[in-house]
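Asker: Dropping in upload.cif, with mmCIF, C-alpha atoms and all ligand atoms.
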```cif
data_entry
loop_
_atom_site.label_atom_id
_atom_site.label_comp_id
_atom_site.auth_asym_id
_atom_site.auth_seq_id
_atom_site.Cartn_x
_atom_site.Cartn_y
_atom_site.Cartn_z
CA MET W 228 -67.06 132.86 150.49
CA VAL W 229 -68.39 129.73 148.82
CA ASN W 230 -69.64 129.43 145.26
CA ILE W 231 -71.05 126.82 142.86
CA LYS W 232 -67.57 126.05 141.45
CA ASP W 233 -66.48 124.79 144.89
CA TYR W 234 -69.06 121.99 144.57
CA GLU W 235 -68.22 121.06 140.99
CA SER W 236 -66.98 117.50 140.59
CA THR W 237 -64.87 116.16 137.71
CA ALA W 238 -66.60 112.74 137.73
CA GLU W 239 -68.12 111.72 134.40
CA ASN W 240 -71.91 112.01 134.61
CA LYS W 241 -73.70 108.79 133.57
CA TRP W 242 -77.32 110.02 133.71
CA CYS W 243 -79.41 110.02 130.51
CA PRO W 244 -79.63 113.45 128.82
CA GLY W 245 -82.81 115.19 130.02
CA CYS W 246 -83.11 113.18 133.27
CA GLY W 247 -84.84 114.94 136.17
CA ASN W 248 -81.78 114.24 138.33
CA PHE W 249 -79.96 117.20 136.73
CA GLY W 250 -82.48 119.67 138.19
CA ILE W 251 -82.05 118.09 141.64
CA LEU W 252 -78.26 118.30 141.41
CA ALA W 253 -78.45 121.99 140.46
CA ALA W 254 -80.87 122.68 143.33
CA MET W 255 -78.58 120.95 145.84
CA LYS W 256 -75.53 122.97 144.81
CA SER W 257 -77.50 126.21 144.86
CA ALA W 258 -78.93 125.42 148.33
CA LEU W 259 -75.54 124.66 149.86
CA VAL W 260 -74.03 127.82 148.36
CA LYS W 261 -76.96 130.02 149.46
CA LEU W 262 -76.62 128.64 153.01
CA LYS W 263 -72.86 129.45 152.78
CA ILE W 264 -71.90 125.92 153.83
CA THR W 265 -68.40 125.00 152.68
CA PRO W 266 -67.83 121.54 151.10
CA GLU W 267 -65.70 120.19 153.96
CA LYS W 268 -68.66 120.67 156.31
CA VAL W 269 -70.98 118.57 154.12
CA LEU W 270 -71.35 114.80 154.05
CA ILE W 271 -73.59 113.17 151.44
CA ILE W 272 -74.48 109.51 151.77
CA SER W 273 -76.32 107.35 149.25
CA GLY W 274 -77.41 103.76 148.60
CA ILE W 275 -77.66 102.20 145.13
CA GLY W 276 -79.38 103.44 141.96
CA GLN W 277 -79.21 106.37 139.54
CA ALA W 278 -80.26 108.78 142.31
CA ALA W 279 -77.64 107.25 144.58
CA ASN W 280 -74.90 108.28 142.11
CA THR W 281 -75.59 111.95 142.96
CA PRO W 282 -72.81 112.38 145.58
CA HIS W 283 -70.21 111.59 142.88
CA TYR W 284 -71.37 114.68 141.00
CA LEU W 285 -70.68 117.09 143.88
CA LYS W 286 -67.28 117.85 145.39
CA CYS W 287 -67.62 117.28 149.15
CA ASN W 288 -67.39 114.40 151.64
CA MET W 289 -69.35 111.41 150.39
CA PHE W 290 -70.06 107.75 151.09
CA HIS W 291 -71.72 105.59 148.41
CA SER W 292 -73.03 102.69 150.45
CA LEU W 293 -75.25 99.62 150.02
CA HIS W 294 -78.75 99.34 148.55
CA GLY W 295 -81.27 100.86 150.98
CA ARG W 296 -78.66 101.39 153.68
CA ALA W 297 -77.81 105.09 153.43
CA LEU W 298 -79.93 106.16 156.43
CA PRO W 299 -78.19 104.02 159.09
CA LEU W 300 -74.83 105.29 157.84
CA ALA W 301 -76.04 108.87 157.95
CA THR W 302 -77.32 108.31 161.48
CA GLY W 303 -73.94 107.00 162.63
CA ALA W 304 -72.06 109.82 160.92
CA LYS W 305 -74.28 112.50 162.47
CA LEU W 306 -73.83 111.00 165.94
CA ALA W 307 -70.06 110.84 165.48
CA ASN W 308 -69.81 114.40 164.19
CA HIS W 309 -72.94 116.48 164.70
CA ASP W 310 -71.17 119.57 163.30
CA LEU W 311 -71.52 118.11 159.80
CA THR W 312 -74.44 118.88 157.49
CA VAL W 313 -75.54 115.36 156.59
CA LEU W 314 -77.63 114.75 153.46
CA VAL W 315 -78.88 111.51 151.95
CA ASN W 316 -79.66 111.06 148.25
CA SER W 317 -81.86 108.09 147.57
CA GLY W 318 -84.27 106.76 144.96
CA ASP W 319 -87.84 105.65 145.65
CA GLY W 320 -86.79 102.01 145.16
CA ASP W 321 -83.67 102.38 147.30
CA CYS W 322 -85.35 104.26 150.15
CA TYR W 323 -89.00 103.17 150.22
CA GLY W 324 -88.47 99.60 148.93
CA GLU W 325 -85.11 98.06 149.82
CA GLY W 326 -84.51 100.52 152.68
CA GLY W 327 -88.12 100.91 153.84
CA ASN W 328 -87.45 99.71 157.35
CA HIS W 329 -84.63 102.23 157.81
CA PHE W 330 -86.91 104.98 156.48
CA LEU W 331 -89.46 104.24 159.24
CA HIS W 332 -86.94 104.19 162.06
CA ALA W 333 -84.92 107.22 160.96
CA ILE W 334 -88.15 109.24 161.14
CA ARG W 335 -89.02 107.88 164.60
CA ARG W 336 -85.53 108.70 165.83
CA ASN W 337 -85.68 112.26 164.48
CA ILE W 338 -81.98 112.39 163.75
CA ASP W 339 -80.92 115.77 162.32
CA ILE W 340 -80.35 114.78 158.69
CA THR W 341 -81.96 115.72 155.37
CA LEU W 342 -83.30 112.98 153.13
CA LEU W 343 -83.74 113.84 149.43
CA VAL W 344 -85.66 111.16 147.55
CA HIS W 345 -85.52 111.32 143.75
CA ASN W 346 -88.98 109.84 143.20
CA ASN W 347 -89.28 108.69 139.57
CA LYS W 348 -91.75 105.87 140.34
CA VAL W 349 -89.45 103.29 138.69
CA TYR W 350 -86.20 101.43 139.28
CA GLY W 351 -84.20 103.45 136.75
CA LEU W 352 -80.80 101.77 137.09
CA THR W 353 -82.24 98.30 136.52
CA LYS W 354 -84.23 99.48 133.48
CA GLY W 355 -87.65 100.59 134.58
CA GLN W 356 -89.45 98.09 136.80
CA ALA W 357 -92.25 99.64 138.91
CA SER W 358 -91.08 100.97 142.29
CA PRO W 359 -93.18 101.13 145.49
CA THR W 360 -94.47 104.61 144.51
CA ALA W 361 -95.79 103.47 141.10
CA ASP W 362 -99.54 104.00 140.80
CA ARG W 363 -101.71 100.90 140.82
CA GLY W 364 -102.32 99.80 137.23
CA THR W 365 -99.06 101.28 135.87
CA LYS W 366 -97.76 99.16 133.01
CA THR W 367 -94.03 98.55 132.63
CA ARG W 368 -92.02 96.02 130.61
CA LEU W 369 -91.95 93.80 133.71
CA GLN W 370 -95.55 94.48 134.74
CA PRO W 371 -97.28 94.33 131.30
CA ARG W 372 -100.73 93.91 132.87
CA GLY W 373 -100.22 96.72 135.35
CA VAL W 374 -99.03 97.00 138.97
CA LEU W 375 -101.38 95.12 141.30
CA SER W 376 -100.23 96.62 144.63
CA GLU W 377 -101.32 99.92 146.16
CA SER W 378 -98.88 102.80 145.78
CA PHE W 379 -96.71 103.70 148.81
CA ASN W 380 -97.27 107.28 149.99
CA PRO W 381 -94.02 108.33 151.70
CA LEU W 382 -95.27 111.75 152.84
CA THR W 383 -98.36 110.39 154.59
CA VAL W 384 -96.27 107.64 156.19
CA ALA W 385 -93.73 110.23 157.39
CA LEU W 386 -96.51 112.33 158.93
CA SER W 387 -98.04 109.33 160.66
CA LEU W 388 -94.67 108.55 162.27
CA GLY W 389 -94.32 112.08 163.63
CA ALA W 390 -91.85 113.59 161.14
CA GLY W 391 -91.28 117.29 161.84
CA PHE W 392 -90.49 118.40 158.28
CA VAL W 393 -92.28 116.94 155.28
CA ALA W 394 -91.97 118.49 151.82
CA ARG W 395 -92.43 117.73 148.14
CA GLY W 396 -90.41 119.40 145.42
CA SER W 397 -90.15 119.11 141.68
CA ALA W 398 -87.04 118.50 139.58
CA GLY W 399 -88.68 120.72 136.96
CA ASP W 400 -88.42 123.76 139.26
CA PRO W 401 -84.84 123.75 140.64
CA GLU W 402 -85.16 127.28 142.08
CA HIS W 403 -88.16 126.35 144.24
CA LEU W 404 -86.51 123.03 145.10
CA SER W 405 -83.36 124.85 146.23
CA GLY W 406 -85.51 126.83 148.70
CA LEU W 407 -87.03 123.61 150.04
CA ILE W 408 -83.60 122.01 150.47
CA GLN W 409 -82.36 125.11 152.32
CA ALA W 410 -85.35 124.98 154.68
CA ALA W 411 -84.87 121.23 155.19
CA ILE W 412 -81.19 121.67 156.07
CA LYS W 413 -82.00 124.51 158.49
CA PHE W 414 -84.68 122.40 160.21
CA LYS W 415 -83.26 120.81 163.38
CA GLY W 416 -84.37 117.20 163.07
CA PHE W 417 -85.23 114.68 160.37
CA SER W 418 -86.37 116.39 157.17
CA LEU W 419 -87.84 114.65 154.15
CA VAL W 420 -87.98 116.18 150.69
CA ASP W 421 -89.66 113.82 148.22
CA ILE W 422 -88.91 115.06 144.70
CA LEU W 423 -91.00 114.52 141.55
CA GLN W 424 -88.30 113.35 139.14
CA PRO W 425 -89.14 112.41 135.56
CA CYS W 426 -87.28 109.35 134.23
CA VAL W 427 -87.15 110.18 130.54
CA SER W 428 -85.97 106.70 129.55
CA PHE W 429 -88.45 104.41 131.33
CA ASP W 430 -91.56 106.41 132.25
CA PRO W 431 -93.34 107.96 129.27
CA ILE W 432 -96.25 109.20 131.44
CA HIS W 433 -94.75 111.26 134.28
CA THR W 434 -92.90 113.76 132.10
CA PHE W 435 -91.90 117.35 132.98
CA ALA W 436 -95.00 118.54 131.07
CA TRP W 437 -97.30 116.09 132.93
CA TYR W 438 -96.08 117.44 136.29
CA LYS W 439 -96.11 121.08 135.17
CA LYS W 440 -99.83 120.80 134.39
CA ARG W 441 -100.63 119.39 137.84
CA VAL W 442 -98.32 120.85 140.51
CA TYR W 443 -99.57 123.74 142.62
CA HIS W 444 -98.35 125.64 145.69
CA PRO W 445 -100.93 125.41 148.49
CA ASP W 446 -99.12 127.72 150.92
CA ASP W 447 -98.20 131.24 149.79
CA LYS W 448 -96.09 131.94 152.88
CA GLY W 449 -94.11 128.77 152.25
CA ASP W 450 -93.62 127.63 155.86
CA GLY W 451 -96.18 124.82 155.64
CA PRO W 452 -99.02 123.97 157.99
CA ASP W 453 -98.21 122.80 161.52
CA ASP W 454 -101.26 120.62 162.05
CA VAL W 455 -101.20 117.03 160.90
CA GLN W 456 -104.83 116.90 159.68
CA THR W 457 -104.30 119.74 157.18
CA ALA W 458 -101.01 118.20 156.10
CA MET W 459 -102.58 114.75 155.63
CA LYS W 460 -105.17 116.24 153.27
CA LEU W 461 -102.32 117.67 151.18
CA THR W 462 -100.13 114.57 151.18
CA GLY W 463 -103.16 112.44 150.21
CA GLN W 464 -103.70 114.48 147.02
CA TRP W 465 -102.44 112.91 143.78
CA GLY W 466 -103.62 112.98 140.20
CA ASP W 467 -105.07 116.14 138.68
CA LYS W 468 -103.63 118.31 141.46
CA ILE W 469 -100.30 117.64 143.15
CA PRO W 470 -99.24 119.98 145.99
CA VAL W 471 -95.57 121.00 146.24
CA GLY W 472 -93.79 122.94 148.97
CA ILE W 473 -93.38 122.42 152.70
CA LEU W 474 -96.48 120.35 153.49
CA TYR W 475 -95.84 120.14 157.25
CA GLN W 476 -93.38 121.73 159.64
CA LYS W 477 -93.27 121.59 163.42
CA LYS W 478 -90.29 121.89 165.76
CA LYS W 479 -89.46 119.14 168.20
CA ALA W 480 -86.31 117.99 170.00
CA SER W 481 -84.00 116.09 167.66
CA TYR W 482 -82.20 112.92 168.72
CA THR W 483 -78.82 114.65 168.98
CA ASP W 484 -80.36 117.56 170.99
CA GLN W 485 -81.42 115.06 173.61
CA LEU W 486 -78.01 113.46 174.09
CA ASP W 487 -76.19 115.11 177.02
CA VAL W 488 -72.97 113.43 175.96
CA LEU W 489 -72.85 115.64 172.84
CA THR W 490 -73.08 119.00 174.63
CA ALA W 491 -69.29 119.05 175.11
CA GLY W 492 -68.81 118.89 171.30
CA PRO W 493 -68.68 116.25 168.56
CA LEU W 494 -67.50 112.76 169.50
CA VAL W 495 -64.83 112.79 166.77
CA ALA W 496 -63.02 115.56 168.61
CA ARG W 497 -62.85 113.62 171.91
CA LYS W 498 -59.87 111.75 173.29
CA TYR W 499 -60.00 107.99 172.84
CA ALA W 500 -60.93 106.64 176.29
CA PRO W 501 -61.14 102.82 176.24
CA ASP W 502 -61.07 102.66 180.08
CA ALA W 503 -64.55 104.19 180.24
CA LEU W 504 -65.81 101.41 177.97
CA GLN W 505 -64.06 98.75 180.03
CA SER W 506 -65.81 99.84 183.21
CA LEU W 507 -69.15 99.61 181.38
CA LEU W 508 -68.32 96.13 180.11
CA ASP W 509 -67.24 95.05 183.59
CA GLY W 510 -70.66 96.04 184.88
CA LEU W 511 -72.50 93.65 182.51
C1 LIG J 1 -79.29 94.06 147.47
C2 LIG J 1 -79.57 94.52 146.06
N1 LIG J 1 -80.76 94.24 145.49
C3 LIG J 1 -81.04 94.67 144.25
C4 LIG J 1 -80.11 95.37 143.53
C5 LIG J 1 -80.42 95.81 142.13
N2 LIG J 1 -80.76 97.22 142.07
C6 LIG J 1 -79.84 98.16 141.80
S1 LIG J 1 -80.47 99.69 141.74
C7 LIG J 1 -82.01 99.12 142.06
C8 LIG J 1 -83.22 100.01 142.13
C9 LIG J 1 -82.93 101.44 142.10
O1 LIG J 1 -84.14 102.14 142.00
P1 LIG J 1 -84.33 103.56 142.65
O2 LIG J 1 -83.86 103.58 144.04
O3 LIG J 1 -85.73 103.98 142.43
O4 LIG J 1 -83.29 104.46 141.87
P2 LIG J 1 -83.18 105.03 140.40
O5 LIG J 1 -82.20 104.14 139.70
O6 LIG J 1 -84.55 104.99 139.76
O7 LIG J 1 -82.69 106.41 140.60
C10 LIG J 1 -82.02 97.74 142.21
C11 LIG J 1 -83.23 96.92 142.50
C12 LIG J 1 -78.87 95.66 144.16
N3 LIG J 1 -77.93 96.40 143.57
N4 LIG J 1 -78.64 95.22 145.43
S1 LIG J 2 -82.74 105.72 133.57
FE1 LIG J 2 -84.20 107.33 134.12
S2 LIG J 2 -83.61 107.94 136.21
FE2 LIG J 2 -81.88 106.83 135.33
S3 LIG J 2 -80.55 108.41 134.48
FE3 LIG J 2 -81.90 107.66 132.82
S4 LIG J 2 -83.63 109.07 132.84
FE4 LIG J 2 -82.58 109.31 134.79
#
```
Output the structure of this file as structure tokens.
Ligand SMILES: Cc1ncc(C[n+]2csc(CCOP(=O)(O)OP(=O)(O)O)c2C)c(N)n1
Ligand code: SF4

Answerer:
Amino acid sequence: MVNIKDYESTAENKWCPGCGNFGILAAMKSALVKLKITPEKVLIISGIGQAANTPHYLKCNMFHSLHGRALPLATGAKLANHDLTVLVNSGDGDCYGEGGNHFLHAIRRNIDITLLVHNNKVYGLTKGQASPTADRGTKTRLQPRGVLSESFNPLTVALSLGAGFVARGSAGDPEHLSGLIQAAIKFKGFSLVDILQPCVSFDPIHTFAWYKKRVYHPDDKGDGPDDVQTAMKLTGQWGDKIPVGILYQKKKASYTDQLDVLTAGPLVARKYAPDALQSLLDGL
């Protein structure tokens, strides 16, 4: 039996009061408890930023790594021990900016991990510069005349690279978000949940109320479409109407499923066998 208390950490929380990150944290705990996954079976990896502090606020295995570098670590950890539930908490700057290259290749590889991106459209930790997902024209203290670049659309990019599970959630609806996180964890392969996360300190526009007026649920069943064209129409929508939910879902073989070497069990449980490596090296 596992309950929310098992995931409660004693670390002092440094987020601003009212930050959208609190809703995401609550949704994560609820999802793990509802799936009956015990903390020792969970590994959470993060990069750098306010979002990346999330693993400190849960009690389970964690690794707080380098800026933009959570996905390669998660990939290595999943290959070493595929019995673990591996989650990544990242910000839009950390994942789509600094770690953009890793984002692309983790999707291509289809490693069985769940990526939760706290998308607040700014670099919160460094005081509110525009991130890659900021809309063109957005004014910040560093971009007083407005952002000149086009906004990065992570969901459309994920679809174009063949991601099998693409979803958008909202920090303002932790119950719905918990359901999305549960579905993402259950999905065998790479799963992306991009989360609308108000930054109450540095973004006066994208508030909880702004999102509440615009989000809608396009799929009543909740499983998401399985054709890319329909999904692309949804992920391309932004502005007056913003779709949330599973926006695409289709099964395909994950990276770990295709590795024969893992069928005998996780690598961490194997005997150390340096001789096997030596014979490989001798053959080079
Ligand atoms: C290599 C490197 N470059 C830049 C920084 C400075 N830095 C720290 S956090 C951050 C951006 C974080 O933004 P985001 O991922 O959106 O997270 P948030 O704080 O908004 O949750 C930056 C640029 C750093 N720590 N390391
Ligand atoms: S700066 Fe923004 S994202 Fe960071 S904790 Fe404060 S409200 Fe949240």

Asker: Considering all atoms listed in the file, return as a tab-separated table (two decimals) with C-alpha atoms, in the frame of the given file whatever protein or nucleic-acid residues lie within 12 Å of stretch 367-379 of chain W, sequence-local ones (same chain, fewer than 3 positions apart) excluded.

Answerer:
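Generated file (selection_26.tsv):
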```tsv
chain	number	residue	atom	x	y	z
W	319	ASP	CA	-87.84	105.65	145.65
W	320	GLY	CA	-86.79	102.01	145.16
W	322	CYS	CA	-85.35	104.26	150.15
W	323	TYR	CA	-89.00	103.17	150.22
W	324	GLY	CA	-88.47	99.60	148.93
W	327	GLY	CA	-88.12	100.91	153.84
W	346	ASN	CA	-88.98	109.84	143.20
W	348	LYS	CA	-91.75	105.87	140.34
W	349	VAL	CA	-89.45	103.29	138.69
W	350	TYR	CA	-86.20	101.43	139.28
W	351	GLY	CA	-84.20	103.45	136.75
W	353	THR	CA	-82.24	98.30	136.52
W	354	LYS	CA	-84.23	99.48	133.48
W	355	GLY	CA	-87.65	100.59	134.58
W	356	GLN	CA	-89.45	98.09	136.80
W	357	ALA	CA	-92.25	99.64	138.91
W	358	SER	CA	-91.08	100.97	142.29
W	359	PRO	CA	-93.18	101.13	145.49
W	360	THR	CA	-94.47	104.61	144.51
W	361	ALA	CA	-95.79	103.47	141.10
W	362	ASP	CA	-99.54	104.00	140.80
W	363	ARG	CA	-101.71	100.90	140.82
W	364	GLY	CA	-102.32	99.80	137.23
W	382	LEU	CA	-95.27	111.75	152.84
W	383	THR	CA	-98.36	110.39	154.59
W	384	VAL	CA	-96.27	107.64	156.19
W	385	ALA	CA	-93.73	110.23	157.39
W	428	SER	CA	-85.97	106.70	129.55
W	429	PHE	CA	-88.45	104.41	131.33
W	430	ASP	CA	-91.56	106.41	132.25
W	431	PRO	CA	-93.34	107.96	129.27
W	432	ILE	CA	-96.25	109.20	131.44
W	462	THR	CA	-100.13	114.57	151.18
W	463	GLY	CA	-103.16	112.44	150.21
W	465	TRP	CA	-102.44	112.91	143.78
```

Asker: Using only C-alpha atoms and all ligand atoms, determine which residues fall within 6 Å of ligand LIG 2 (chain J), then list them as a PyMOL selection string.

Answerer: chain W and resi 242-243+246+277+351-352+426-429

Asker: Where does stretch 463-484 of chain W meet stretch 402-414 of chain W within 8 Å, residue by residue, with the nearest atom pair and distance in Å to one decimal for each, counting all atoms listed in the file, listed by chain and rising number, as CSV?

Answerer:
```
residue,atom,partner,partner_atom,distance
W:Gly472,CA,W:Leu407,CA,6.9
W:Ile473,CA,W:Leu407,CA,7.0
W:Lys478,CA,W:Phe414,CA,7.9
```

Asker: Using all atoms listed in the file, determine which residues lie at most 12 Å from stretch 255-262 of chain W, disregarding the query and same-chain residues fewer than 5 positions distant; provide the list as a ChimeraX atom specification.

Answerer: /W:228-236,248-250,267-271,281-282,284-287,312-316,341-343,396,398,401-413,420,422

Asker: Could you please give me, as a list in words, the residues of protein, DNA or RNA lying at most 12 Å from (-105.2, 120.7, 142.5) in the coordinate frame of the file, considering only C-alpha atoms?

Answerer: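 Every residue inside that radius is included here: Tyr438, Lys439, Lys440, Arg441, Val442, Tyr443, His444, Pro445, Lys460, Leu461, Thr462, Gly463, Gln464, Trp465, Gly466, Asp467, Lys468, Ile469, Pro470 and Val471 of chain W.
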
Asker: Using C-alpha atoms, can you export the residues from the last selection as a compact mmCIF listing (two decimals), in the coordinates of the input?

Answerer:
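Written out: part27.txt:
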```
# COMPACT_ATOMS: atom_id res chain seq x y z
CA TYR W 438 -96.08 117.44 136.29
CA LYS W 439 -96.11 121.08 135.17
CA LYS W 440 -99.83 120.80 134.39
CA ARG W 441 -100.63 119.39 137.84
CA VAL W 442 -98.32 120.85 140.51
CA TYR W 443 -99.57 123.74 142.62
CA HIS W 444 -98.35 125.64 145.69
CA PRO W 445 -100.93 125.41 148.49
CA LYS W 460 -105.17 116.24 153.27
CA LEU W 461 -102.32 117.67 151.18
CA THR W 462 -100.13 114.57 151.18
CA GLY W 463 -103.16 112.44 150.21
CA GLN W 464 -103.70 114.48 147.02
CA TRP W 465 -102.44 112.91 143.78
CA GLY W 466 -103.62 112.98 140.20
CA ASP W 467 -105.07 116.14 138.68
CA LYS W 468 -103.63 118.31 141.46
CA ILE W 469 -100.30 117.64 143.15
CA PRO W 470 -99.24 119.98 145.99
CA VAL W 471 -95.57 121.00 146.24
```

Asker: Of the candidates W:Gly389, W:Gly449, W:Pro501, W:Gly326, which one gets nearest to ligand LIG 1 (chain J) if we count all atoms listed in the file?

Answerer: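 Among the listed residues, W:Gly326 lies closest to ligand LIG 1 (chain J).
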
Asker: Grab the atom CA of W:Glu325 to atom CA of W:Gly295 distance for me, in Å with one decimal place.

Answerer: 4.9 Å

Asker: Which centre and which edge lengths, in Å to one decimal, describe the axis-aligned box that holds all listed atoms of stretch 241-255 of chain W after 6 Å is added on each side, as JSON?

Answerer:
```
{"center_x": -79.3, "center_y": 115.7, "center_z": 137.3, "size_x": 23.1, "size_y": 25.9, "size_z": 29.0}
```

Asker: State, in Å with one decimal place, the distance from atom CA of W:Ser273 to atom CA of W:Ala390.

Answerer: 20.5 Å

Asker: Find the distance between atom CA of W:Ala458 and atom CA of W:Pro425 and write it in Å to one decimal.

Answerer: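 Between atom CA of W:Ala458 and atom CA of W:Pro425 the gap is 24.4 Å.
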
Asker: Go through W:Ser418, W:Asn308, W:Asn337, W:Gln424 one by one, measure the shortest atom-to-atom distance of each to ligand LIG 1 (chain J) using only C-alpha atoms and all ligand atoms, and give the residue with the smallest value.

Answerer: W:Gln424

Asker: Which residue gives the smallest distance to ligand LIG 1 (chain J) among W:Thr490, W:Asn380, W:Ser292, W:Ser506, with only C-alpha atoms and all ligand atoms counted?

Answerer: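 When distances to ligand LIG 1 (chain J) are compared using only C-alpha atoms and all ligand atoms, the smallest one comes from W:Ser292.
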
Asker: Pick out the closest residue to ligand LIG 1 (chain J) from this set: W:His332, W:Lys305, W:His291, W:His345. Count all atoms listed in the file.

Answerer: W:His345

Asker: Rank W:Pro299, W:Gly318, W:Gly274, W:Gly245 by their smallest atom-to-atom distance to ligand LIG 1 (chain J), using all atoms listed in the file, and report the top residue only.

Answerer: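 Answer, going by the shortest atom-to-atom distance: W:Gly318.
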
Asker: Considering only C-alpha atoms, state which residue in the set W:Gln485, W:Asn347, W:Thr457, W:Asn328 is at the smallest distance from W:Asp421.

Answerer: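 Ranked by minimum distance to W:Asp421, first place goes to W:Asn347.
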